[in-house]
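Colleague: Quick one: this structure, given as structure tokens, is what I'll be asking you about.
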Amino acid sequence: MSALLAMRGIGKAFLGVQVLSAVNLTVSRGEVHALVGENGAGKSTLMKILAGVHTADAGTVELDGRAVAFTHPAAAQKAGVASVFQEFNLLPELTVAENVHLGHEPRRRGGIDRKAMNEATAAALADLGVDDLAPTAKVGTLSVAHQQITEIAKALSQGADLICMDEPTAALADAEVALLYRLVVRLRERGVAVLYVSHRLREIFDLCDRITILKDGRLVDSVATADITPDELVTRMVGRRIEAQFPPRLPGTETGDVRLRIEGGGNDYVDGIDLEVRAGEIVGLAGLQGSGRTEIAEAVFGITPFTRGTVAVDGRPVRLSRPRKAIAAGIALVTEDRKAQGLALHQSVKANARMVLDANARVHSRQRLGRIEGLLSSLDLVARGDDQEVQFLSGGNQQKVVVAKWLAAEPGVIVLDEPTRGIDVGAKHKLYSVIRSLAAEGLAVLLIASELIEVIGLADRIAVLHDGRIAGELPGGSTEQEVMAYATGRRSGPSDAEGSEPE
Amino acid sequence: MTRARRLGAALLGGGTGTVFLLLVLIFAGILALNPGFFEGPSLMAFLKQAAPLVILAAGQYFVIVSGNFDLSVGALVGAQVVIAARLIDGEESRTVPVMLVMLAFGIGVGLVNGLITTVLKVQSFITTLGMLLVLYGAIRLWTGGAPTGSLSEAFRTPGRLGITDVPLVGQIPWALLIMLALGAGAILLMRTRFGRILMASGDNELAAKLSGARVDAARTAAFVLSGVSATVAGILIGGFAGVSAQVGEGLEFTVITAVVLGGVALGGGRGTALAAMAGALAIEALFTLFNQMALPATLRPAVQGAIIIAAVAYAARRRTRPALQTTASPS
């Protein structure tokens with residue numbers, strides 16, 4: 001195979017911080033090439049340099065043997081490099097066919113030849129093995145998976161030789177992942193190269209021919225998938241073994257009285273939820289995307305309240321109709337999306353950390369304000385100071401500010417929805433031990449995570465959701481297979497530990 | 001970034017500092033043309049004239065920082081002056097009761113603006129544009145086209161007079177003292193829990209709500225503060241300039257220009273009350289400079305328009321550059 005893409009000695013610094021140095025990447029025609037590394041390893045930056053979003057400070061890029069230097073995404077597209085980022089570059093009000101042919105519509109007698117355009121799109125989709133997507137469907141109404149397909153079809157219609165995909169399965173349901181698999185295989189058969197950035201090891205080993213590993217902005221290695229095992233890959237990504245990933249339960253942690261009790265909780269999204277979390281206990285909520293995990297968190301916090309059933313905090317029945325009421329009842333929610341829901345990005349660390357106290361007279365006090373500084377340093381926050389705007393912090397440090405703002409209010413029940421999403425390994429470990437120490441202090445912790453291993457490694461009990469209901473409860477330390485058996489609905493009621501992971 | 005630029009940025013405290021530099025430059029220009037400007041009496045006269053705009057800027061600041069606009073302030077100032085003249089009708093004894101009526105009216109207009117924006121979810125741009133037209137039309141309907149009645153001497157005192165026989169400066173205008181008091185109040189208010197929540201609401205409404213903040217109440221209160229500032233400004237302008245049908249016309253644009261010039265971001269969440277008020281002072285100083293240069297007053301709207309575009313463009317550039325670089329730091 002001839003090298004389609006050769007990036008050599010790529011270096012890039014932002015604000016004096018070297019994020020890439022001397023990185024090489026070679027991709028052949030028709031190859032599916034994985035780019036892996038921890039958060040902060042430099043994967044996205046490398047991809048954005050290739051796509052013309054950033055320009056490299058050092059190094060060369062060759063496409064088909066010709067030296068190129070894209071200064072704009074449009075230039076990269078023209079040269080045959082297409083990118084499917086997590087946010088799509090589609091026009092939601094136009095149809096699939098219109099998006100696919102945007103800028104090069106087939107013309108007839110001075111107008112757009114819609115018939116030809118729709119037929120060409122249908123043919124292109126059929127060629128990709130997609131038969132359930134109408135060329136005339138409006139893109140805004142499509143599922144994420146179908147939007148992704150549209151994006152890929154668009155790239156192909158522009159003659160792309162190389163398609164970069166950044167975490168393409170992050171927002172997909174399982175059935176849709178299977179569709180994406182088929183699509184990638186079709187692309188390979190057609191000789192299109194795919195650069196695949198993902199955190200999910202299984203996808204990498206299922207799909208990719210070669211793997212390039214980055215760590216701290218440097219190239220670790222580039223190997224054929226057949227020559228490496230998943231364990232070896234993880235070790236090389238993080239540079240150390242991660243067996244002792246989860247800190248053990250702290251000594252002196254006692255399981256006490258029930259602090260949060262939900263009985264028969266239900267609304268439009270979930271139903272029949274019976275759940276108890278005791279003081280000192282970490283209860284995990286597991287389940288597939290859309291199973292109702294986040295919806296339970298949002299109901300407990302009064303965002304989309306339960307319309308049926310009862311909730312009691314510390315034995316007192318509470319009506320959680322708004323976040324304010326939940327906060328007054330001693331509940332905290334670390335939301336899933338820290339940038340959109342958790343932080344005022346242009347405000348200082350201090351302003352964000354005291355936001356809950358400022359907003360709620362019921363929890364505001366001078367003593368609590370005084371403790372914020374100590375709280376931030378106990379979380380190992382790395383910032384230039386209290387007055388630094390949080391937008392300039394790394395993801396992990398931003399998350400620490402979110403955690404601090406809730407701990408400042410000294411809650412009795414804390415709900416953590418995907419607390420480690422998109423943060424680096426160091427910050428993850430810090431959060432794990434924070435969660436442990438919260439339990440030791442007698443808080444009731446409800447933990448939601450889509451990384452099963454987190455729930456299994458941290459929770460004392462795991463409630464597994466399927467289709468808006470609790471399909472079963474498992475002890476902490478259960479296997480992924482056991483959890484998946486409930487999560488996929490193949491098992492309900494008491495467990496007998498059998499079943500296998502779905503594809 | 002060069003060392004000089006970094007030093008400059010540090011001195012100016014980021015973006016909102018720029019307005020103070022601008023203020024110094026404009027004053028330097030005035031000084032060059034008219035060295036007598038900074039002598040006590042003429043400086044006091046300048047500050048007296050600038051006070052209403054500074055007070056309006058403080059009120060507008062609250063609304064803008066919470067993520068909205070208030071376009072109704074110019075019409076409200078005009079309405080207040082006309083109401084005062086008609087209700088007082090030259091009777092000294094009515095001064096204080098009428099001022100209280102005006103205050104209630106200003107609060108009421110702010111409350112209506114706030115509730116329509118937050119409860120009915122009408123964009124504030126439209127709400128307050130509508131309010132501008134309603135006030136404008138209602139006042140003309142009520143007065144039959146031309147303002148009637150007259151203001152009392154006591155009413156005109158705050159806008160016109162001051163503490164007399166002060167060494168060096170001659171007279172310290174009441175308007176200046178009122179401006180300083182309200183300005184200090186605005187700065188202090190932003191340091192309270194209310195101010196912090198207002199700022200957070202403008203920056204990220206959802207995060208503020210999920211932190212338990214009463215975002216709608218805070219935003220409505222900001223409109224009320226703007227209504228109060230327009231009332232005070234109306235009393236000062238009425239006292240200073242007397243009654244006419246044109247009072248307050250176009251003032252909403254001047255004040256928004258001033259606040260934006262102060263580096264307060266449209267859309268909310270950024271900027272300080274002090275910088276907003278400095279922006280108002282800078283606009284007034286600029287117009288004074290134009291007078292010194294004998295430029296026609298008819299030039300003002302065009303200059304304001306240019307300033308508002310330039311200020312927003314400058315802020316956008318300053319913001320996107322570092323932001324791009326940080327979000328670009330690897331996944």
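Chain labels run A, B, ... following the order of the structure tokens; each chain numbers its residues from 1, and ligands are numbered from 1 in the order shown.
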Give me, as a Markdown table, each residue of chain B that comes within 6 Å of chain A, together with its shortest interatomic pair and the distance in Å at one decimal, counting only C-alpha atoms, with rows ordered by chain and rising residue number.

Modeller:
| residue | atom | partner | partner_atom | distance |
| --- | --- | --- | --- | --- |
| B:Arg193 | CA | A:Asp358 | CA | 5.1 |
| B:Ala200 | CA | A:Ala344 | CA | 5.9 |
| B:Asp203 | CA | A:Ala344 | CA | 5.5 |
| B:Asn204 | CA | A:Ala344 | CA | 5.0 |
| B:Leu206 | CA | A:Gln341 | CA | 5.6 |
| B:Ala207 | CA | A:Gln341 | CA | 4.4 |
| B:Leu210 | CA | A:Pro323 | CA | 6.0 |
| B:Ser211 | CA | A:Val356 | CA | 5.0 |
| B:Gly212 | CA | A:Arg324 | CA | 4.4 |
| B:Ala213 | CA | A:Ala359 | CA | 4.5 |
| B:Pro330 | CA | A:Gly40 | CA | 4.9 |
| B:Ser331 | CA | A:Asn39 | CA | 5.5 |

Colleague: Using only C-alpha atoms, which protein or nucleic acid residues come within 6 Å of stretch 232-235 of chain B? Drop anything in the same chain fewer than 4 positions from it, and give the result as number ranges by chain.

Modeller: B: 52, 77, 80-81

Colleague: Quick one: write out the picked residues with C-alpha atoms as a CSV table (one decimal), in the first residue's frame?

Modeller:
chain,number,residue,atom,x,y,z
B,52,PRO,CA,-27.5,61.9,33.9
B,77,VAL,CA,-36.7,59.9,30.7
B,80,GLN,CA,-40.9,61.4,33.4
B,81,VAL,CA,-40.0,65.0,32.5

Colleague: Would you mind writing down, as a PyMOL selection string, each residue of stretch 98-169 of chain A that DSSP on the backbone assigns to helix (DSSP H, G or I)?

Modeller: chain A and resi 98-100+114-127+139-141+144-157

Colleague: Can you tell me which residues surround stretch 272-285 of chain B at a distance of at most 7 Å, considering only C-alpha atoms, apart from same-chain residues fewer than 4 positions away, and format the answer as a short mmCIF file (atom, residue, chain, number, x, y, z; two decimals) with C-alpha atoms, in the first residue's frame?

Modeller:
data_model
loop_
_atom_site.label_atom_id
_atom_site.label_comp_id
_atom_site.auth_asym_id
_atom_site.auth_seq_id
_atom_site.Cartn_x
_atom_site.Cartn_y
_atom_site.Cartn_z
CA THR B 16 -12.59 46.81 30.58
CA VAL B 19 -12.01 52.62 28.47
CA PHE B 20 -9.92 54.33 31.14
CA LEU B 23 -10.81 58.56 28.80
CA ILE B 26 -9.80 62.24 25.24
CA PHE B 27 -9.08 64.42 28.27
CA ALA B 50 -22.44 64.22 32.28
CA LEU B 53 -25.73 59.71 31.31
CA VAL B 54 -23.44 58.17 33.91
CA ALA B 57 -25.20 53.83 32.24
CA ALA B 58 -25.18 52.30 35.72
CA TYR B 61 -25.24 48.05 33.03
CA ALA B 186 -24.00 50.28 41.78
CA ILE B 187 -20.44 49.09 42.35
CA VAL B 255 -26.27 54.99 26.94
CA ALA B 258 -21.46 54.19 26.62
CA VAL B 259 -21.87 50.83 28.32
CA LEU B 261 -17.54 51.40 25.21
CA GLY B 262 -16.91 50.45 28.82
CA GLY B 263 -16.17 46.93 27.65
CA VAL B 264 -19.41 45.43 28.96
CA LEU B 289 -13.90 67.53 22.49
#

Colleague: Write down as an MDAnalysis selection string the residues belonging to stretch 80-306 of chain B that are assigned strand (DSSP E or B) by DSSP computed on the backbone.

Modeller: chainID B and resid 162:166 170:173

Colleague: Please compute the atom CA of A:Leu369-atom CA of A:Val401 distance, one decimal, in Å.

Modeller: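 According to the coordinates, atom CA of A:Leu369 and atom CA of A:Val401 are separated by 14.1 Å.
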
Colleague: I need the residue nearest A:Leu195 from this list: A:Ala178, A:Ala122, A:Leu407, A:Ala82. Use only C-alpha atoms for the distance.

Modeller: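 Among the listed residues, the smallest separation from A:Leu195 belongs to A:Ala82.
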
Colleague: With a distance cut-off of 9 Å and only C-alpha atoms, select the neighbouring residues of B:Gly145, excluding the residue or stretch itself and same-chain residues fewer than 5 positions from it, and output the selection as a list in words.

Modeller: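 Answer for this query is Ile139, Arg140 and Ala245 of chain B.
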
Colleague: Restrict the selected residues to N, CA, C and O atoms and save them as a compact mmCIF listing (two decimals), in the first residue's frame.

Modeller:
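Done, and the output landed in result-v6.txt:
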# COMPACT_ATOMS: atom_id res chain seq x y z
N ILE B 139 -47.45 59.45 25.93
CA ILE B 139 -47.16 60.81 26.41
C ILE B 139 -47.71 61.85 25.44
O ILE B 139 -48.31 62.85 25.83
N ARG B 140 -47.57 61.58 24.15
CA ARG B 140 -48.09 62.53 23.18
C ARG B 140 -49.61 62.58 23.19
O ARG B 140 -50.22 63.63 23.05
N ALA B 245 -40.55 68.63 24.25
CA ALA B 245 -41.06 67.36 23.72
C ALA B 245 -39.93 66.43 23.32
O ALA B 245 -40.12 65.23 23.18

Colleague: Do a neighbour search on A:Ile163 at 12 Å with only C-alpha atoms, toss out local chain neighbours closer than 2 positions, and write the hits as a ChimeraX atom specification.

Modeller: /A:4-5,27,29-34,47,50-51,76-77,79-85,151-156,158-161,165-166,168,183-184,187-188,191-197

Colleague: Determine the nearest neighbour of A:Phe246 from the options A:Ile453, A:Ala134, A:Ile10, A:Val483, counting only C-alpha atoms.

Modeller: A:Ile453

Colleague: Do you know which residues are at most 12 Å from A:Leu474 counting only C-alpha atoms, after dropping those on the same chain fewer than 3 positions away, and could you put them as a PyMOL selection string?

Modeller: chain A and resi 283-286+455-456+459-465+470-471+477-487+492-497

Colleague: Rounded to one decimal place, report the atom CA of A:Thr310-atom CA of A:Gly264 distance in Å.

Modeller: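 According to the coordinates, atom CA of A:Thr310 and atom CA of A:Gly264 are separated by 6.7 Å.
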
Colleague: Would you list the contacts of A:Val177 as a list in words, taking every protein, DNA or RNA residue within 9 Å and counting only C-alpha atoms, but skipping same-chain residues closer than 5 positions in sequence?

Modeller: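 Counting only the stated atoms, we get Ala145, Pro168, Thr169, Leu172, Arg182 and Glu503 of chain A.
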